[in-house]
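Structure file target-v6.txt with compact mmCIF, C-alpha atoms:
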```
# COMPACT_ATOMS: atom_id res chain seq x y z
CA VAL W 1 26.96 -137.04 107.05
CA TYR W 2 28.80 -133.92 105.84
CA LEU W 3 31.78 -133.33 108.13
CA ALA W 4 31.92 -129.54 108.48
CA GLY W 5 34.65 -127.83 110.46
CA PRO W 6 38.08 -126.22 110.43
CA ASP W 7 39.59 -129.73 110.64
CA VAL W 8 40.54 -129.31 106.96
CA PHE W 9 43.29 -126.92 108.10
CA LEU W 10 45.02 -129.49 110.35
CA PRO W 11 48.42 -130.83 109.19
CA ASP W 12 46.95 -134.35 109.36
CA ALA W 13 43.55 -133.35 107.97
CA ARG W 14 43.17 -136.64 106.09
CA VAL W 15 43.91 -138.70 109.18
CA VAL W 16 41.29 -136.79 111.18
CA ALA W 17 38.79 -137.15 108.32
CA ASP W 18 39.43 -140.90 108.25
CA ALA W 19 38.89 -141.11 112.01
CA LYS W 20 35.60 -139.23 111.66
CA ARG W 21 34.51 -141.52 108.83
CA ALA W 22 35.33 -144.60 110.94
CA LEU W 23 33.17 -143.23 113.76
CA CYS W 24 30.37 -142.50 111.30
CA GLU W 25 30.47 -146.08 110.11
CA ARG W 26 30.13 -147.30 113.69
CA TYR W 27 26.84 -145.41 113.96
CA GLY W 28 25.55 -146.50 110.56
CA PHE W 29 26.44 -143.32 108.68
CA VAL W 30 28.69 -142.55 105.73
CA GLY W 31 30.95 -139.57 106.42
CA VAL W 32 31.69 -137.13 103.58
CA SER W 33 34.68 -134.87 104.19
CA PRO W 34 35.50 -131.60 102.41
CA VAL W 35 39.14 -132.71 102.61
CA ASP W 36 38.60 -134.85 99.52
CA ASN W 37 37.43 -131.81 97.57
CA SER W 38 40.83 -130.12 97.76
CA ALA W 39 42.68 -133.15 96.41
CA ASP W 40 42.67 -132.26 92.73
CA ILE W 41 43.55 -128.60 92.32
CA SER W 42 46.96 -128.92 90.67
CA GLY W 43 47.46 -126.63 87.71
CA LEU W 44 44.75 -124.22 88.81
CA THR W 45 45.32 -120.61 89.83
CA LYS W 46 44.51 -119.80 93.47
CA PRO W 47 41.14 -118.22 92.59
CA GLU W 48 40.27 -121.17 90.34
CA ALA W 49 41.26 -123.65 93.04
CA ALA W 50 39.19 -121.79 95.65
CA ARG W 51 36.14 -121.83 93.41
CA ARG W 52 36.59 -125.49 92.52
CA ILE W 53 36.67 -126.38 96.22
CA SER W 54 33.68 -124.22 97.18
CA ASP W 55 31.56 -125.65 94.36
CA ALA W 56 32.57 -129.19 95.33
CA ASN W 57 31.84 -128.58 99.02
CA GLU W 58 28.35 -127.28 98.19
CA ALA W 59 27.72 -130.34 96.01
CA SER W 60 28.90 -132.58 98.86
CA ILE W 61 26.49 -130.91 101.30
CA ARG W 62 23.64 -131.40 98.83
CA SER W 63 24.57 -135.09 98.57
CA CYS W 64 24.33 -135.61 102.33
CA ASP W 65 21.28 -136.16 104.54
CA LEU W 66 22.64 -134.29 107.53
CA MET W 67 25.64 -132.35 108.87
CA VAL W 68 27.85 -132.56 111.93
CA ALA W 69 29.68 -129.25 112.35
CA ASN W 70 32.73 -128.53 114.48
CA ILE W 71 31.99 -125.04 115.83
CA THR W 72 34.97 -124.88 118.19
CA PRO W 73 35.99 -121.19 118.20
CA PHE W 74 38.59 -120.60 115.50
CA ARG W 75 40.93 -117.57 115.47
CA GLY W 76 38.53 -115.51 117.53
CA PRO W 77 35.49 -115.93 119.77
CA SER W 78 33.34 -117.71 117.15
CA ALA W 79 33.30 -120.71 114.82
CA ASP W 80 35.16 -120.84 111.50
CA VAL W 81 33.18 -118.75 108.96
CA GLY W 82 33.40 -121.46 106.30
CA THR W 83 31.72 -123.85 108.73
CA ALA W 84 29.07 -121.21 109.56
CA TYR W 85 28.39 -120.76 105.85
CA GLU W 86 27.99 -124.50 105.39
CA MET W 87 25.60 -124.76 108.35
CA GLY W 88 23.36 -122.12 106.76
CA PHE W 89 23.60 -123.90 103.42
CA ALA W 90 22.52 -127.22 104.94
CA ARG W 91 19.76 -125.65 107.01
CA ALA W 92 18.20 -123.88 104.03
CA LEU W 93 17.96 -127.28 102.34
CA GLY W 94 16.10 -128.65 105.38
CA LYS W 95 18.95 -130.93 106.45
CA PRO W 96 19.44 -131.50 110.20
CA VAL W 97 22.55 -129.76 111.57
CA PHE W 98 24.32 -131.19 114.62
CA ALA W 99 27.22 -129.27 116.13
CA TYR W 100 29.88 -129.60 118.82
CA THR W 101 32.40 -127.28 120.38
CA ASN W 102 35.53 -128.25 122.28
CA ILE W 103 35.55 -124.98 124.27
CA ALA W 104 33.12 -124.19 127.09
CA GLY W 105 31.55 -120.82 127.86
CA SER W 106 29.15 -118.45 126.16
CA LEU W 107 29.94 -116.31 123.15
CA LEU W 108 29.64 -113.26 125.42
CA GLU W 109 32.15 -114.60 127.93
CA ARG W 110 34.71 -115.49 125.28
CA THR W 111 34.32 -112.24 123.37
CA ARG W 112 34.52 -110.13 126.54
CA ASP W 113 37.63 -111.95 127.74
CA LEU W 114 39.68 -111.41 124.56
CA PRO W 115 41.93 -108.36 125.20
CA ASP W 116 41.62 -107.18 121.60
CA THR W 117 37.84 -106.85 121.96
CA GLY W 118 38.17 -103.82 124.24
CA ALA W 119 34.92 -104.75 126.01
CA ARG W 120 33.21 -101.91 127.88
CA ALA W 121 29.93 -101.94 129.82
CA GLN W 122 27.66 -99.07 128.82
CA PRO W 123 25.02 -97.39 130.97
CA GLY W 124 21.96 -99.65 130.88
CA GLY W 125 24.03 -102.82 130.84
CA ARG W 126 24.83 -103.01 127.12
CA LEU W 127 28.30 -104.51 126.61
CA GLU W 128 30.24 -103.07 123.64
CA ASP W 129 33.52 -103.74 121.87
CA ARG W 130 36.00 -101.03 120.89
CA PHE W 131 33.96 -100.24 117.76
CA HIS W 132 30.85 -99.70 119.96
CA MET W 133 29.41 -102.90 118.50
CA GLU W 134 27.18 -104.76 120.96
CA ILE W 135 28.44 -108.05 122.35
CA GLU W 136 25.52 -110.43 121.81
CA ASP W 137 24.02 -111.52 125.14
CA PHE W 138 21.77 -114.51 124.59
CA ASP W 139 23.65 -116.99 126.79
CA ARG W 140 24.46 -119.21 123.78
CA ALA W 141 27.63 -121.05 122.76
CA ASP W 142 27.93 -118.95 119.60
CA ASN W 143 25.99 -116.56 117.35
CA LEU W 144 22.26 -117.14 117.54
CA MET W 145 21.97 -118.12 113.86
CA LEU W 146 24.35 -121.07 114.34
CA VAL W 147 22.72 -122.20 117.58
CA GLY W 148 19.26 -121.70 116.04
CA ALA W 149 20.12 -124.11 113.21
CA VAL W 150 20.99 -126.81 115.72
CA GLU W 151 17.90 -126.18 117.85
CA ALA W 152 15.71 -126.25 114.74
CA SER W 153 17.18 -129.71 114.14
CA GLY W 154 15.74 -130.84 117.48
CA VAL W 155 18.90 -130.92 119.59
CA GLN W 156 21.34 -128.67 121.47
CA VAL W 157 24.96 -127.83 120.68
CA VAL W 158 27.24 -130.45 122.25
CA VAL W 159 29.73 -128.69 124.54
CA SER W 160 32.70 -130.95 125.18
CA PRO W 161 35.60 -128.97 126.69
CA VAL W 162 39.10 -130.41 126.29
CA ASP W 163 42.70 -129.32 126.90
CA GLU W 164 44.02 -126.65 124.56
CA ALA W 165 46.42 -129.18 122.98
CA GLN W 166 43.46 -131.27 121.78
CA ARG W 167 41.22 -128.36 120.86
CA PHE W 168 41.02 -129.22 117.18
CA THR W 169 41.62 -132.95 117.32
CA SER W 170 39.42 -134.36 120.10
CA LEU W 171 36.47 -136.25 118.62
CA ALA W 172 34.49 -136.80 121.85
CA GLY W 173 31.94 -134.09 121.00
CA PHE W 174 31.79 -135.32 117.43
CA GLU W 175 30.88 -138.82 118.60
CA THR W 176 28.16 -137.43 120.89
CA CYS W 177 26.68 -135.70 117.82
CA LEU W 178 26.62 -139.02 115.98
CA GLN W 179 24.82 -140.59 118.94
CA LEU W 180 22.22 -137.80 118.85
CA ALA W 181 21.85 -138.16 115.08
CA SER W 182 21.47 -141.91 115.41
CA GLN W 183 18.75 -141.49 118.07
CA SER W 184 16.88 -138.83 116.12
CA ARG W 185 16.47 -140.98 113.02
CA ARG W 186 14.91 -143.84 114.92
CA VAL Y 187 17.22 -107.32 99.38
CA TYR Y 188 18.14 -108.97 102.67
CA LEU Y 189 20.63 -106.72 104.49
CA ALA Y 190 23.08 -109.16 106.09
CA GLY Y 191 25.92 -107.96 108.28
CA PRO Y 192 27.11 -107.18 111.79
CA ASP Y 193 25.42 -103.76 111.46
CA VAL Y 194 22.74 -105.08 113.84
CA PHE Y 195 25.27 -104.72 116.67
CA LEU Y 196 25.81 -100.96 116.12
CA PRO Y 197 24.42 -98.58 118.77
CA ASP Y 198 22.40 -96.87 116.02
CA ALA Y 199 21.55 -100.09 114.20
CA ARG Y 200 18.10 -98.80 113.21
CA VAL Y 201 19.53 -95.60 111.74
CA VAL Y 202 22.00 -97.60 109.64
CA ALA Y 203 19.24 -99.98 108.54
CA ASP Y 204 17.11 -97.00 107.50
CA ALA Y 205 20.02 -95.55 105.51
CA LYS Y 206 20.51 -98.88 103.76
CA ARG Y 207 16.80 -99.12 102.99
CA ALA Y 208 16.84 -95.59 101.53
CA LEU Y 209 19.74 -96.56 99.27
CA CYS Y 210 17.89 -99.72 98.23
CA GLU Y 211 14.89 -97.65 97.24
CA ARG Y 212 17.10 -95.44 95.07
CA TYR Y 213 18.09 -98.53 93.07
CA GLY Y 214 14.57 -99.94 92.86
CA PHE Y 215 14.93 -102.49 95.66
CA VAL Y 216 13.15 -103.00 98.97
CA GLY Y 217 15.61 -103.52 101.81
CA VAL Y 218 14.73 -106.02 104.54
CA SER Y 219 16.78 -105.68 107.73
CA PRO Y 220 17.26 -108.27 110.48
CA VAL Y 221 17.13 -105.33 112.91
CA ASP Y 222 13.34 -105.46 112.76
CA ASN Y 223 13.37 -109.09 113.85
CA SER Y 224 14.80 -108.26 117.28
CA ALA Y 225 12.12 -105.65 118.03
CA ASP Y 226 9.61 -107.85 119.81
CA ILE Y 227 11.43 -110.11 122.23
CA SER Y 228 10.19 -108.66 125.52
CA GLY Y 229 9.10 -111.23 128.08
CA LEU Y 230 11.14 -114.01 126.45
CA THR Y 231 14.09 -115.78 128.06
CA LYS Y 232 17.45 -115.26 126.33
CA PRO Y 233 17.33 -118.68 124.59
CA GLU Y 234 13.74 -118.04 123.50
CA ALA Y 235 14.63 -114.59 122.19
CA ALA Y 236 17.63 -115.95 120.30
CA ARG Y 237 15.51 -118.63 118.67
CA ARG Y 238 12.74 -116.16 117.80
CA ILE Y 239 15.28 -113.91 116.06
CA SER Y 240 17.02 -116.72 114.16
CA ASP Y 241 13.71 -118.12 112.91
CA ALA Y 242 12.59 -114.64 111.84
CA ASN Y 243 15.89 -113.91 110.09
CA GLU Y 244 15.63 -117.15 108.11
CA ALA Y 245 12.05 -116.30 107.13
CA SER Y 246 13.23 -112.83 106.04
CA ILE Y 247 15.95 -114.33 103.84
CA ARG Y 248 13.39 -116.67 102.24
CA SER Y 249 11.17 -113.65 101.54
CA CYS Y 250 13.93 -111.81 99.65
CA ASP Y 251 15.16 -112.23 96.08
CA LEU Y 252 18.78 -111.48 96.85
CA MET Y 253 21.25 -110.58 99.61
CA VAL Y 254 23.83 -107.87 100.15
CA ALA Y 255 26.22 -108.98 102.88
CA ASN Y 256 28.64 -106.85 104.88
CA ILE Y 257 31.65 -109.16 105.23
CA THR Y 258 33.95 -106.56 106.83
CA PRO Y 259 36.15 -108.57 109.23
CA PHE Y 260 34.51 -108.66 112.65
CA ARG Y 261 36.41 -109.47 115.88
CA GLY Y 262 39.05 -111.41 113.98
CA PRO Y 263 40.36 -111.90 110.46
CA SER Y 264 37.01 -112.98 108.96
CA ALA Y 265 33.41 -111.88 108.56
CA ASP Y 266 30.79 -112.15 111.30
CA VAL Y 267 29.73 -115.82 111.56
CA GLY Y 268 26.03 -114.92 111.59
CA THR Y 269 26.51 -113.17 108.26
CA ALA Y 270 28.45 -116.17 106.89
CA TYR Y 271 25.60 -118.46 107.97
CA GLU Y 272 23.07 -116.26 106.22
CA MET Y 273 25.12 -116.18 103.01
CA GLY Y 274 25.13 -119.97 102.91
CA PHE Y 275 21.41 -120.02 103.64
CA ALA Y 276 20.67 -117.64 100.76
CA ARG Y 277 23.00 -119.43 98.36
CA ALA Y 278 21.44 -122.83 99.00
CA LEU Y 279 18.10 -121.29 98.00
CA GLY Y 280 19.64 -120.08 94.73
CA LYS Y 281 19.47 -116.39 95.68
CA PRO Y 282 22.27 -114.13 94.40
CA VAL Y 283 24.64 -113.00 97.14
CA PHE Y 284 26.49 -109.68 96.81
CA ALA Y 285 29.09 -108.74 99.41
CA TYR Y 286 31.32 -105.87 100.42
CA THR Y 287 34.16 -105.40 102.88
CA ASN Y 288 35.43 -102.14 104.30
CA ILE Y 289 38.92 -103.57 104.92
CA ALA Y 290 41.46 -104.32 102.19
CA GLY Y 291 43.85 -107.24 102.03
CA SER Y 292 43.60 -110.98 101.76
CA LEU Y 293 42.43 -113.34 104.48
CA LEU Y 294 45.97 -114.70 104.64
CA GLU Y 295 47.50 -111.25 105.16
CA ARG Y 296 45.06 -110.30 107.90
CA THR Y 297 45.32 -113.64 109.70
CA ARG Y 298 49.12 -113.64 109.54
CA ASP Y 299 49.33 -110.08 110.87
CA LEU Y 300 47.21 -110.67 113.99
CA PRO Y 301 49.67 -111.25 116.89
CA ASP Y 302 47.36 -113.79 118.52
CA THR Y 303 47.53 -116.02 115.43
CA GLY Y 304 51.13 -116.95 116.11
CA ALA Y 305 51.77 -117.41 112.37
CA ARG Y 306 54.74 -119.59 111.48
CA ALA Y 307 56.02 -120.61 108.06
CA GLN Y 308 56.63 -124.35 107.79
CA PRO Y 309 59.11 -126.12 105.53
CA GLY Y 310 57.49 -126.31 102.10
CA GLY Y 311 55.83 -122.92 102.46
CA ARG Y 312 52.74 -123.91 104.45
CA LEU Y 313 51.78 -121.10 106.85
CA GLU Y 314 50.36 -122.27 110.18
CA ASP Y 315 48.82 -120.68 113.26
CA ARG Y 316 49.78 -121.60 116.83
CA PHE Y 317 47.49 -124.64 116.69
CA HIS Y 318 49.32 -125.85 113.53
CA MET Y 319 46.16 -125.05 111.55
CA GLU Y 320 46.94 -123.98 107.99
CA ILE Y 321 46.31 -120.35 107.08
CA GLU Y 322 44.27 -120.57 103.87
CA ASP Y 323 46.24 -119.20 100.90
CA PHE Y 324 43.88 -118.61 97.98
CA ASP Y 325 44.44 -114.86 97.61
CA ARG Y 326 40.80 -114.13 98.51
CA ALA Y 327 39.21 -111.46 100.71
CA ASP Y 328 37.84 -114.13 103.05
CA ASN Y 329 37.18 -117.88 103.37
CA LEU Y 330 36.66 -119.52 99.98
CA MET Y 331 33.08 -120.55 100.76
CA LEU Y 332 32.02 -116.92 101.25
CA VAL Y 333 33.86 -115.67 98.19
CA GLY Y 334 32.60 -118.63 96.16
CA ALA Y 335 28.98 -117.67 96.93
CA VAL Y 336 29.58 -114.19 95.52
CA GLU Y 337 31.40 -115.48 92.44
CA ALA Y 338 28.63 -118.01 91.82
CA SER Y 339 26.31 -114.99 91.76
CA GLY Y 340 28.27 -113.57 88.82
CA VAL Y 341 30.23 -110.83 90.58
CA GLN Y 342 33.26 -110.23 92.80
CA VAL Y 343 33.42 -109.11 96.42
CA VAL Y 344 33.42 -105.29 96.57
CA VAL Y 345 36.50 -104.15 98.48
CA SER Y 346 36.03 -100.60 99.70
CA PRO Y 347 38.64 -99.71 102.34
CA VAL Y 348 37.80 -96.87 104.74
CA ASP Y 349 39.24 -95.33 107.92
CA GLU Y 350 38.96 -97.45 111.04
CA ALA Y 351 36.45 -94.99 112.53
CA GLN Y 352 34.02 -95.72 109.70
CA ARG Y 353 34.72 -99.43 109.46
CA PHE Y 354 31.20 -100.51 110.35
CA THR Y 355 29.26 -97.48 109.20
CA SER Y 356 30.53 -96.55 105.70
CA LEU Y 357 27.98 -97.51 103.06
CA ALA Y 358 30.12 -96.88 99.96
CA GLY Y 359 30.75 -100.58 99.34
CA PHE Y 360 27.12 -101.33 100.07
CA GLU Y 361 26.01 -98.89 97.39
CA THR Y 362 28.41 -100.44 94.87
CA CYS Y 363 26.77 -103.80 95.58
CA LEU Y 364 23.36 -102.29 94.83
CA GLN Y 365 24.72 -100.94 91.56
CA LEU Y 366 26.00 -104.41 90.65
CA ALA Y 367 22.68 -105.98 91.63
CA SER Y 368 20.81 -103.42 89.60
CA GLN Y 369 22.97 -104.11 86.54
CA SER Y 370 22.70 -107.88 86.87
CA ARG Y 371 18.92 -107.93 86.83
CA ARG Y 372 18.67 -106.02 83.56
```
Could you take the file, read its structure, and then write that structure out as structure tokens?
Amino acid sequence: VYLAGPDVFLPDARVVADAKRALCERYGFVGVSPVDNSADISGLTKPEAARRISDANEASIRSCDLMVANITPFRGPSADVGTAYEMGFARALGKPVFAYTNIAGSLLERTRDLPDTGARAQPGGRLEDRFHMEIEDFDRADNLMLVGAVEASGVQVVVSPVDEAQRFTSLAGFETCLQLASQSRR
Amino acid sequence: VYLAGPDVFLPDARVVADAKRALCERYGFVGVSPVDNSADISGLTKPEAARRISDANEASIRSCDLMVANITPFRGPSADVGTAYEMGFARALGKPVFAYTNIAGSLLERTRDLPDTGARAQPGGRLEDRFHMEIEDFDRADNLMLVGAVEASGVQVVVSPVDEAQRFTSLAGFETCLQLASQSRR
């Protein structure tokens, strides 16, 4: 199982990765974390290090049979873009993509409620941001491409709201994804 | 050429798609826009419509030989997550991915400068947001997975800064991508 998500940015990223791997083992899976791919970048320039990590992450996804993605909104109303990229990468290879979010609500609700969005209702009901860009209204947890990948894998996004303090550390939704993955391979 | 980007959310999304297709034609390409995939969703529920569009967008990407992605930061410091997903999807299929952004600066600079980030320097130089999540410091225009996809395609992200009023409509960077794509297929 490739462990996609912004967890790699946590101060204790390795501890969280180990906890995810332990849960994987409990459900008969082997967890593969991108954290390990940033271990050996000493001596490289920043662009070289970035490229080394992205190549290694893509190879890790290819090596896995499925993905569990943490799509908890990250620095805005949507998931981390690196995670979104990896979900598309896995899906194009036909690998099932499971996903969880630790924040409730639809993409529309979260986008509308951010002050910086400058949300305005237009005649006809269209909701726009301050750049007149439409705020997607499909009643989904995030952008329809991300949710579509999960639905195409035969399941729904796991919504598992927690306190703000545990937003990026709670693994309840992650474990539910493993349960779904375990059921779907039977 | 699959025309990835948040352009689909513009009020005149079809006009912009037509302008992109006209530019494609000038460089010997046929532009394929996701805008056309949201044309026939009448009578569907929101979840059904979302799924119809995501399936159609994936089929469109498969039908194309390459992608030009608009990764101009969208409602936050990074690209639109739908675009990021599509870049990963294309890259996994081995299709070249070209990308442009209409905003200058590194991901780190933009993330740090957003008040909502709550950026704080930690001892040792690590820069964190208010959730103690590290702010990626690889001197790239966006997340290393997105930039890695472009570099793996043999080019760099086209950075083409414009006035805020034209942030989502200027096609200068898009045209530069077409020039690069045209050169790389010779």
Residue with smallest distance to Glu134 of chain W - pool Y:Lys206, Y:Arg248, Y:Arg261, Y:Arg212, counting all atoms listed in the file: Y:Arg261
Neighbours of point (44.2, -126.5, 119.6) within 9 Å, using all atoms listed in the file, written as a VMD selection string: (chain W and resid 163 to 169) or (chain Y and resid 316 to 319)
Please identify all residues of chain Y having at least one atom at most 6 Å from any atom of chain W, considering only C-alpha atoms, and return them as a short mmCIF file (atom, residue, chain, number, x, y, z; two decimals) with C-alpha atoms, keeping the file's coordinate frame.
```cif
data_model
loop_
_atom_site.label_atom_id
_atom_site.label_comp_id
_atom_site.auth_asym_id
_atom_site.auth_seq_id
_atom_site.Cartn_x
_atom_site.Cartn_y
_atom_site.Cartn_z
CA PHE Y 195 25.27 -104.72 116.67
CA LEU Y 196 25.81 -100.96 116.12
CA LYS Y 232 17.45 -115.26 126.33
CA ALA Y 236 17.63 -115.95 120.30
CA ARG Y 237 15.51 -118.63 118.67
CA SER Y 240 17.02 -116.72 114.16
CA GLY Y 262 39.05 -111.41 113.98
CA VAL Y 267 29.73 -115.82 111.56
CA GLY Y 268 26.03 -114.92 111.59
CA ALA Y 270 28.45 -116.17 106.89
CA TYR Y 271 25.60 -118.46 107.97
CA GLU Y 272 23.07 -116.26 106.22
CA GLY Y 274 25.13 -119.97 102.91
CA PHE Y 275 21.41 -120.02 103.64
CA ALA Y 278 21.44 -122.83 99.00
CA MET Y 319 46.16 -125.05 111.55
CA GLU Y 320 46.94 -123.98 107.99
CA PHE Y 324 43.88 -118.61 97.98
CA ASN Y 329 37.18 -117.88 103.37
CA LEU Y 330 36.66 -119.52 99.98
CA MET Y 331 33.08 -120.55 100.76
CA GLY Y 334 32.60 -118.63 96.16
#
```
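In this structure, atom CA of Tyr2 of chain W sits 10.6 Å away from atom CA of Pro96 of chain W.
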Atomic distance atom CA of Ala290 of chain Y - atom CA of Val345 of chain Y, expressed in Å with one decimal: 6.2 Å
Please report, as JSON, the centre and edge lengths in Å to one decimal of an axis-aligned box covering all listed atoms of segment 355-370 of chain Y with 4 Å per side.
```
{"center_x": 25.8, "center_y": -102.2, "center_z": 97.9, "size_x": 17.9, "size_y": 19.3, "size_z": 30.7}
```
Interatomic distance, atom CA of Asp65 of chain W to atom CA of Gly280 of chain Y (Å, one decimal): 18.9 Å
Residues within 10 Å of Glu361 of chain Y, all atoms listed in the file, excluding chain neighbours under 6 positions, as a list in words: Lys206, Leu209, Cys210, Arg212, Tyr213, Val254, Tyr286, Val344 and Ala367 of chain Y
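The residue that comes closest to Cys64 of chain W, out of W:Ala99, W:Phe29, W:Val162, W:Ser170 and on the basis of only C-alpha atoms, is W:Phe29.
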Contacts of Arg21 of chain W within 8 Å, all atoms listed in the file, excl. fewer than 6 positions in-chain, as a VMD selection string: chain W and resid 30 to 32
